[in-house]
Amino acid sequence: MNAMQRVLTTLSHREPDRVPLFLLTSLQGARELGLSIEEYFSRADYVVEGQLRLQRKYRSDCITCFFHAAIELEAWGGSVIYQPDCPPNAGPAIIHGPTDIDKLQPPGIEDSPGLMRVLETIRQLKNRVGASIPIIGMVISPFSLPVMQMGFDHYIELIYEQPERWARLMALNEEFCVAWANAQLAAGATAIGYADPVSSLTIIPRELYLKTGQPVARRTLARIDGPTATHLASGRCLGIVDDIAATGTQALGVSALEDLAELKTAAQGKLALIGNLNGVEMRRWTTERAEAEVKRAIAKAGRGGGFILADNHGEIPWQVPDEVLLAICHAAEQWGRYPLDWID
C-alpha cells in the first residue's frame with residue numbers, strides 16, 4: 001500500500017498493511033535546509049523542499065502544510081513573533097475591547113501574503129506527490145481563534161457576559177475559517193485539520209461546549225468541502241467523544257493525558273484516533289523509550305484500524321532529537337504491521 005491507501009483504509013476502520021504514522025514535523029524543515037525558522041517560512045519553495053526531505057527521511061504517511069497558528073492572526077491584521085527554537089507566536093491582540101467586534105470584518109484570503117504562501121506550498125506539493133500521500137491543511141477553529149484575537153481571559157468573559165457580540169464574532173470567524181479551509185482544498189490539500197483546543201474538557205466543561213464550540217463546529221465543518229480531523233492540541237476529550245463525532249468530523253487528535261484504550265473504545269466505529277505520543281516528554285526519550293511508547297500506543301489502539309500513530313499535540317517540538325524521531329519511525333514499521341499478533 002502507498003500512504004494514501006494506508007490512511008484511507010484506516011479511516012474506514014479497517015486494517016491496512018500497517019498502522020499509519022503521522023510525524024508532524026512542521027518546524028524541522030528549517031533545520032534540514034540550514035535556515036532559521038523565520039526564513040524557512042518566508043518562502044513556499046523552502047517549505048516544499050523541507051517537507052519533502054522530512055517525508056523521505058521519516059517515511060511519514062502524510063505531509064503537513066501547517067506553517068504556524070499565528071499566520072491566521074496575521075491575516076486579520078496581527079503580527080507574528082519569531083523565536084529561534086519554537087513555533088512562531090501570535091503578537092498583540094487585534095481586538096482591544098468588545099466594541100471592536102462591532103466593526104470587525106473577515107479578511108480576504110488573497111489579501112494575506114502569509115496565507116497565499118501556504119496555498120502556493122500546497123500547490124507545489126500536490127504537483128510533486130500527486131495522490132500518493134495525503135497533504136494535510138490546517139485551520140484554527142472559529143471557536144478557538146479568539147484566544148489569539150483578543151486574549152484568553154477577555155474571550156471567556158465575552159462568552160459569558162456578551163453572548164450577542166460572541167455570536168457576531170463566531171459568524172465572522174466561521175466565514176473566514178470556511179474560506180481558508182476551502183482555499184487549501186482547492187489548492188490540493190487532501191484533508192483539513194480543525195484545531196479546536198478551547199473545546200477540550202481541559203479548557204471548558206462539556207455543558208459549555210455543547211452550547212458553544214459544538215454548534216460552531218457543526219456549522220463550520222458542514223461547509224468545508226472535504227474531510228476534516230478535529231485536533232484539541234493536547235486537551236482532554238474522553239467525555240465528549242460522541243459530541244465531537246456528531247459535528248461530522250472523521251478523526252480526532254487525542255491527548256497523552258488520557259488512556260488510549262479507553263479512547264479507542266469510546267470512538268470505535270465513529271472516529272479514527274490520531275495520537276497520542278507525548279511530544280513534550282519526547283524531548284528526553286531514549287531510542288529504547290521511543291520504541292516502548294510506540295508499542296504501547298499500537299497495543300492499546302491499533303487493532304481493527306481506526307488509529308493513526310502521531311504525537312498528541314499536532315506538532316513535534318524543535319528540541320526532539322533526530323535519533324528519537326527515527327526510532328519512532330523504525331518502531332512503527334516494526335511493530336505496526338498487521339495482523340498485530342505480538343499483542344497479548
# chains A, B, ... in the order shown; residues from 1 in each chain; ligands from 1
>>> select_by_dssp(residues="stretch 26-226 of chain A", states="alpha helix (DSSP H)", output="PyMOL selection string")
chain A and resi 28-33+37-40+44-58+70-75+113-129+146-150+152-161+163-187+206-211+213-222
>>> select_by_dssp(residues="stretch 103-303 of chain A", states="strand (DSSP E)", output="PyMOL selection string")
chain A and resi 135-140+191-195+228-231+251-253+272-277
>>> write_last_selection(atoms="N, CA and C atoms", output="PDB file, in the first residue's frame")
ATOM      1  N   ILE A 135      -1.955  15.219   1.830  1.00  0.00           N
ATOM      2  CA  ILE A 135      -1.440  16.549   2.138  1.00  0.00           C
ATOM      3  C   ILE A 135      -2.440  17.183   3.095  1.00  0.00           C
ATOM      4  N   ILE A 136      -1.974  17.504   4.300  1.00  0.00           N
ATOM      5  CA  ILE A 136      -2.872  17.958   5.358  1.00  0.00           C
ATOM      6  C   ILE A 136      -2.805  19.472   5.506  1.00  0.00           C
ATOM      7  N   GLY A 137      -3.937  20.139   5.240  1.00  0.00           N
ATOM      8  CA  GLY A 137      -4.064  21.560   5.532  1.00  0.00           C
ATOM      9  C   GLY A 137      -4.511  21.757   6.971  1.00  0.00           C
ATOM     10  N   MET A 138      -4.575  23.013   7.402  1.00  0.00           N
ATOM     11  CA  MET A 138      -4.912  23.277   8.800  1.00  0.00           C
ATOM     12  C   MET A 138      -5.631  24.610   8.933  1.00  0.00           C
ATOM     13  N   VAL A 139      -6.652  24.615   9.779  1.00  0.00           N
ATOM     14  CA  VAL A 139      -7.326  25.860  10.169  1.00  0.00           C
ATOM     15  C   VAL A 139      -7.472  25.880  11.686  1.00  0.00           C
ATOM     16  N   ILE A 140      -7.486  27.077  12.234  1.00  0.00           N
ATOM     17  CA  ILE A 140      -7.845  27.247  13.639  1.00  0.00           C
ATOM     18  C   ILE A 140      -9.354  27.402  13.694  1.00  0.00           C
ATOM     19  N   ALA A 191      -7.092  16.850   3.070  1.00  0.00           N
ATOM     20  CA  ALA A 191      -7.988  16.968   4.219  1.00  0.00           C
ATOM     21  C   ALA A 191      -7.558  18.180   5.030  1.00  0.00           C
ATOM     22  N   ILE A 192      -8.432  18.578   5.956  1.00  0.00           N
ATOM     23  CA  ILE A 192      -8.191  19.758   6.786  1.00  0.00           C
ATOM     24  C   ILE A 192      -8.183  19.370   8.254  1.00  0.00           C
ATOM     25  N   GLY A 193      -7.117  19.749   8.940  1.00  0.00           N
ATOM     26  CA  GLY A 193      -7.093  19.642  10.386  1.00  0.00           C
ATOM     27  C   GLY A 193      -7.799  20.835  10.994  1.00  0.00           C
ATOM     28  N   TYR A 194      -8.728  20.565  11.888  1.00  0.00           N
ATOM     29  CA  TYR A 194      -9.558  21.599  12.533  1.00  0.00           C
ATOM     30  C   TYR A 194      -9.076  21.717  13.976  1.00  0.00           C
ATOM     31  N   ALA A 195      -8.190  22.667  14.230  1.00  0.00           N
ATOM     32  CA  ALA A 195      -7.587  22.815  15.552  1.00  0.00           C
ATOM     33  C   ALA A 195      -8.544  23.553  16.473  1.00  0.00           C
ATOM     34  N   THR A 228     -12.344  16.239   7.316  1.00  0.00           N
ATOM     35  CA  THR A 228     -11.703  17.000   8.389  1.00  0.00           C
ATOM     36  C   THR A 228     -11.313  16.079   9.536  1.00  0.00           C
ATOM     37  N   ALA A 229     -10.308  16.507  10.265  1.00  0.00           N
ATOM     38  CA  ALA A 229      -9.907  15.841  11.510  1.00  0.00           C
ATOM     39  C   ALA A 229      -9.825  16.911  12.586  1.00  0.00           C
ATOM     40  N   THR A 230     -10.540  16.716  13.667  1.00  0.00           N
ATOM     41  CA  THR A 230     -10.522  17.673  14.765  1.00  0.00           C
ATOM     42  C   THR A 230      -9.356  17.361  15.692  1.00  0.00           C
ATOM     43  N   HIS A 231      -8.631  18.394  16.093  1.00  0.00           N
ATOM     44  CA  HIS A 231      -7.494  18.200  16.994  1.00  0.00           C
ATOM     45  C   HIS A 231      -7.618  19.191  18.144  1.00  0.00           C
ATOM     46  N   ALA A 251     -11.983  12.276  12.163  1.00  0.00           N
ATOM     47  CA  ALA A 251     -10.908  11.793  13.032  1.00  0.00           C
ATOM     48  C   ALA A 251     -10.697  12.783  14.165  1.00  0.00           C
ATOM     49  N   LEU A 252      -9.980  12.307  15.201  1.00  0.00           N
ATOM     50  CA  LEU A 252      -9.800  13.116  16.407  1.00  0.00           C
ATOM     51  C   LEU A 252      -8.390  12.941  16.939  1.00  0.00           C
ATOM     52  N   GLY A 253      -7.672  14.045  17.079  1.00  0.00           N
ATOM     53  CA  GLY A 253      -6.362  14.031  17.709  1.00  0.00           C
ATOM     54  C   GLY A 253      -6.511  13.997  19.211  1.00  0.00           C
ATOM     55  N   ALA A 272     -11.835   7.931  13.795  1.00  0.00           N
ATOM     56  CA  ALA A 272     -10.468   7.426  13.855  1.00  0.00           C
ATOM     57  C   ALA A 272      -9.683   8.288  14.842  1.00  0.00           C
ATOM     58  N   LEU A 273      -8.747   7.675  15.532  1.00  0.00           N
ATOM     59  CA  LEU A 273      -7.940   8.407  16.507  1.00  0.00           C
ATOM     60  C   LEU A 273      -6.561   8.707  15.937  1.00  0.00           C
ATOM     61  N   ILE A 274      -6.047   9.873  16.298  1.00  0.00           N
ATOM     62  CA  ILE A 274      -4.703  10.298  15.918  1.00  0.00           C
ATOM     63  C   ILE A 274      -3.956  10.643  17.201  1.00  0.00           C
ATOM     64  N   GLY A 275      -2.870   9.938  17.480  1.00  0.00           N
ATOM     65  CA  GLY A 275      -2.143  10.223  18.716  1.00  0.00           C
ATOM     66  C   GLY A 275      -1.358   9.010  19.170  1.00  0.00           C
ATOM     67  N   ASN A 276      -1.041   8.934  20.490  1.00  0.00           N
ATOM     68  CA  ASN A 276      -1.044  10.046  21.427  1.00  0.00           C
ATOM     69  C   ASN A 276       0.315  10.125  22.131  1.00  0.00           C
ATOM     70  N   LEU A 277       1.400  10.078  21.334  1.00  0.00           N
ATOM     71  CA  LEU A 277       2.744  10.153  21.888  1.00  0.00           C
ATOM     72  C   LEU A 277       2.990  11.535  22.477  1.00  0.00           C
TER      73      LEU A 277
END
>>> residues_around(residues="A:Pro98", least_positions_apart="6", cutoff="9 Å", atoms="only C-alpha atoms", output="list in words")
Met150, His154, Leu158, Gln162, Arg165 and Trp166 of chain A
>>> closest_residue(among="A:Pro107, A:Gly130, A:Gly279, A:Pro113", to="A:Ala179", atoms="only C-alpha atoms")
A:Pro107
>>> residues_around(residues="stretch 327-344 of chain A", least_positions_apart="2", cutoff="9 Å", atoms="only C-alpha atoms", output="list in words")
Glu15, Pro16, Asp17, Arg18, Val19, Pro20, Leu21, Leu23, Tyr58, Arg59, Ser60, Thr286, Thr287, Glu288, Ala290, Glu291, Ala292, Glu293, Val294, Lys295, Ile298, Ala299, Gly302, Arg303, Leu309, Asp322, Glu323, Val324 and Leu325 of chain A
>>> residues_around(residues="A:Val241", least_positions_apart="5", cutoff="9 Å", atoms="only C-alpha atoms", output="list of chain:residue names")
A:Ala246, A:Leu252, A:Leu263, A:Ala266, A:Ala267, A:Lys270, A:Leu271
>>> atom_distance(atom1="atom CA of A:Asp45", atom2="atom CA of A:Ala90")
23.5 Å
>>> closest_residue(among="A:Met4, A:Glu38, A:Leu11, A:Val48", to="A:Arg128", atoms="only C-alpha atoms")
A:Val48
>>> atom_distance(atom1="atom CA of A:Ala187", atom2="atom CA of A:Ile71")
17.5 Å
>>> residues_around(residues="A:Tyr40", least_positions_apart="6", cutoff="12 Å", atoms="only C-alpha atoms", output="list in words")
Ser26, Leu27, Gln28, Gly29, Ala30, Arg31, Glu32, Leu33, Gly34, Tyr46, Val47, Val48, Glu49, Gly50, Gln51, Phe67, His68, Tyr82, Pro84, Pro87, Pro88 and Arg117 of chain A
>>> write_last_selection(atoms="C-alpha atoms", output="compact mmCIF listing (two decimals), in the first residue's frame")
# COMPACT_ATOMS: atom_id res chain seq x y z
CA SER A 26 6.36 21.41 10.62
CA LEU A 27 9.42 23.19 12.06
CA GLN A 28 12.15 20.67 11.37
CA GLY A 29 12.27 21.52 7.68
CA ALA A 30 14.17 24.67 8.64
CA ARG A 31 16.87 22.54 10.24
CA GLU A 32 17.06 20.29 7.19
CA LEU A 33 17.72 23.33 4.98
CA GLY A 34 20.02 25.11 7.43
CA TYR A 46 11.66 26.39 1.19
CA VAL A 47 8.74 24.71 2.95
CA VAL A 48 8.08 22.41 0.00
CA GLU A 49 11.67 21.23 -0.10
CA GLY A 50 11.82 20.90 3.69
CA GLN A 51 8.66 18.86 3.95
CA PHE A 67 3.13 26.81 8.94
CA HIS A 68 2.06 28.14 12.35
CA TYR A 82 9.60 34.50 15.75
CA PRO A 84 14.95 30.52 17.13
CA PRO A 87 6.85 27.73 16.84
CA PRO A 88 6.17 31.35 15.89
CA ARG A 117 2.40 31.32 0.67
>>> atom_distance(atom1="atom CA of A:Cys62", atom2="atom CA of A:Asn127")
15.0 Å
>>> closest_residue(among="A:Lys211, A:Arg168, A:Arg236, A:Lys57", to="A:Thr99", atoms="only C-alpha atoms")
A:Arg168
